[in-house]
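K.L.:
Have a look at this one.
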Amino acid sequence: MGLAKTRTKATQYGQAMNALQGTIAELGRRCQQDQAGKAPTEGMAEFIDVDPGELHLPPTRPQGADPGKLARQIAKHGNSLDGMPPLQLVRGKDGHLRINDGVTRATRAAKLRPGVLVPAEVIQNLPRLDVTRMPKVKEVLP
Amino acid sequence: MKCQQRADLLAVIAQLCQRYPDWRLGQLVANVAGWADQEIWDVEDEQLLEAARLHLAQLTPPAPVSSGRSNG
């Protein structure tokens, strides 16, 4: 009887913790959106969650993140994604996404937390731009 | 004429610097060249200007129609 009660309480505790974690994650997301909304020329920013490994690299970074900068970010943040500023992306032809800012962050996330979604801001839609000519982050991971 | 175009380009680059204060200047210009779908070495000033203006136009919501009232 006592064991059953303990199990019930443990289940309730687990559910409460899950709900709390969800609330904290949502608050963090809203906070990031609020901060991004304070840019001088506020526009119609679109915030999404993306798999960083699936993002295409910018034309000037075909080799991926700078190894030294990546090492420094890993030394500083490890595999934590808490508080990471949203990546800034453009959406090209067929909805494919290209990084405009955050190559190192995306690489760190894809390398150390594969498959985990990270927040990103789509800063422009360019439906005629073929971004798939450049490799994806996951294709050039160190 | 060329000087005026260059001045216009630098003005929109300055506006983009305000919008994206964390970007390096080289990164910003490279991104604008990317929006124009051109290599940074080859991109013409007018292509950069057009891409930057288009970006800013998409960012900035249209000015509200005046209703004769002021919030000030």
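Order determines the names: the first chain of the structure tokens is A, the second B, and so forth; residues in each chain are numbered 1 upward, and ligands are numbered 1 upward as they are shown.
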Within 9 Å of B:Asp37, counting only C-alpha atoms, which residues show up once you throw out same-chain ones fewer than 3 positions away? Write them as a VMD selection string, please.

P.N.:
(chain A and resid 129 to 130) or (chain B and resid 32 to 34 43)

K.L.:
Go ahead and save the picked residues with C-alpha atoms, as a PDB file, in the first residue's frame.

P.N.:
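Everything below was put into result10.pdb:
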```
ATOM      1  CA  LEU A 129      17.347  31.774 -54.403  1.00  0.00           C
ATOM      2  CA  ASP A 130      18.754  28.255 -54.667  1.00  0.00           C
TER       3      ASP A 130
ATOM      4  CA  VAL B  32      23.748  41.041 -48.980  1.00  0.00           C
ATOM      5  CA  ALA B  33      25.684  39.618 -51.937  1.00  0.00           C
ATOM      6  CA  GLY B  34      24.115  36.268 -51.089  1.00  0.00           C
ATOM      7  CA  VAL B  43      28.521  41.563 -57.268  1.00  0.00           C
TER       8      VAL B  43
END
```

K.L.:
Stretch 8-69 of chain B: which residues are alpha helix (DSSP H) by DSSP, as a ChimeraX atom specification?

P.N.:
/B:8-19,25-35,45-59

K.L.:
Using only C-alpha atoms, determine which residues lie at most 8 Å from stretch 8-22 of chain B, disregarding the query and same-chain residues fewer than 3 positions distant; provide the list as a ChimeraX atom specification.

P.N.:
/A:39-41 /B:4-5,25,28-29,45-46,48-49,52-53,56

K.L.:
A:Leu126: which residues within 12 Å, counting only C-alpha atoms, same-chain residues fewer than 3 positions away excluded, as a VMD selection string?

P.N.:
(chain A and resid 89 to 98 122 to 123 129 to 131) or (chain B and resid 32 34 to 37 51 54 to 55 58)

K.L.:
Please identify all polymer residues within 9 Å of A:Pro62, counting only C-alpha atoms, omitting same-chain residues fewer than 3 positions from it, and present them as a PDB file with C-alpha atoms, in the first residue's frame.

P.N.:
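Here's the written file selection_24.pdb:
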```pdb
ATOM      1  CA  LEU A  57      25.965  27.158 -45.169  1.00  0.00           C
ATOM      2  CA  PRO A  58      26.512  30.657 -46.558  1.00  0.00           C
ATOM      3  CA  PRO A  59      28.547  30.909 -49.778  1.00  0.00           C
ATOM      4  CA  ALA A  65      32.591  26.802 -38.896  1.00  0.00           C
ATOM      5  CA  MET A 134      25.993  24.984 -50.602  1.00  0.00           C
ATOM      6  CA  PRO A 135      26.539  21.997 -48.281  1.00  0.00           C
ATOM      7  CA  LYS A 136      24.539  21.489 -45.125  1.00  0.00           C
ATOM      8  CA  VAL A 140      30.921  19.396 -42.974  1.00  0.00           C
TER       9      VAL A 140
END
```

K.L.:
I want to know what sits within 9 Å of A:Ser80, based on only C-alpha atoms, with residues of the same chain fewer than 2 positions away left out; could you give that as number ranges by chain?

P.N.:
A: 74, 77-78, 82-84, 109, 112-113

K.L.:
Do you have the atom CA of B:Glu39-atom CA of A:Ala45 distance handy?

P.N.:
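Between these atoms lies a distance of 26.2 Å.
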
K.L.:
What is the distance, in Å and to one decimal place, between atom CA of A:Leu117 and atom CA of A:Ile99?

P.N.:
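Atom CA of A:Ile99 lies 14.7 Å from atom CA of A:Leu117.
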
K.L.:
Under the rule that only C-alpha atoms are counted, which of A:Lys138, A:Lys76, A:Arg105, A:Arg61 is the nearest residue to chain B?

P.N.:
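Among the listed residues, A:Arg61 lies closest to chain B.
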